[in-house]
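To start, the structure under review is shown below, and the notes come after it.
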Amino acid sequence: MNRSAIRESAFKLLYSSEIQKDFNEDQIKLFIEDNDITGKDEIRYIEDNFSGIKENIKEIEELISKNLTEKWTIERI
């Protein structure tokens, strides 16, 4: 799996978790199994991204919110 495909997989996992409002470790395992991701580096990259975003979600949302125009809110995005 190339780096672009790994990033795409990580984004799909994050999007799926956001839609389901379910950010837990079981989501990672299920996603990896369902998508036949077997490489240790790929799995580590996906887990690290998921965990990093989960741990810093408040700061990420605040940063995004500060840069939105008046017509947009983080909820609308």
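How things are named: the first chain in the structure tokens is A, the next is B, and so on; residues count from 1 in each chain; ligands count from 1 in the order shown.
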
Shell around range 41-47 of chain A at 8 Å using only C-alpha atoms, local window under 4 positions removed, as a VMD selection string: chain A and resid 1 6 to 7 9 to 10 28 32 37 51

Residue contacts of Asp26 in chain A (12 Å, only C-alpha atoms) excluding same-chain residues fewer than 5 positions away, as a PyMOL selection string: chain A and resi 13+17+31-33+47+50

Output N, CA, C and O atoms of each residue in that selection to a file, as a short mmCIF file (atom, residue, chain, number, x, y, z; two decimals), in the first residue's frame.
data_model
loop_
_atom_site.label_atom_id
_atom_site.label_comp_id
_atom_site.auth_asym_id
_atom_site.auth_seq_id
_atom_site.Cartn_x
_atom_site.Cartn_y
_atom_site.Cartn_z
N LEU A 13 -11.35 6.20 7.85
CA LEU A 13 -11.62 5.79 9.23
C LEU A 13 -12.09 6.98 10.05
O LEU A 13 -13.07 6.88 10.80
N SER A 17 -15.81 7.37 11.69
CA SER A 17 -15.96 7.55 13.13
C SER A 17 -16.72 8.82 13.46
O SER A 17 -17.52 8.85 14.39
N PHE A 31 -12.00 -1.53 11.29
CA PHE A 31 -11.66 -0.92 10.00
C PHE A 31 -10.47 -1.63 9.36
O PHE A 31 -10.50 -1.93 8.16
N ILE A 32 -9.45 -1.92 10.13
CA ILE A 32 -8.25 -2.59 9.61
C ILE A 32 -8.60 -3.98 9.10
O ILE A 32 -8.17 -4.39 8.02
N GLU A 33 -9.41 -4.70 9.84
CA GLU A 33 -9.82 -6.04 9.42
C GLU A 33 -10.68 -5.99 8.16
O GLU A 33 -10.47 -6.75 7.22
N GLU A 47 -3.33 4.02 13.16
CA GLU A 47 -3.58 4.11 14.61
C GLU A 47 -3.06 5.43 15.17
O GLU A 47 -3.74 6.07 15.98
N PHE A 50 -5.37 8.34 14.03
CA PHE A 50 -6.64 8.26 14.73
C PHE A 50 -6.48 8.74 16.17
O PHE A 50 -7.25 9.58 16.65
#

Looking only at helix (DSSP H, G or I) from DSSP on the backbone, list the matching residues of chain A as number ranges by chain. A: 3-20, 25-34, 40-55, 57-66
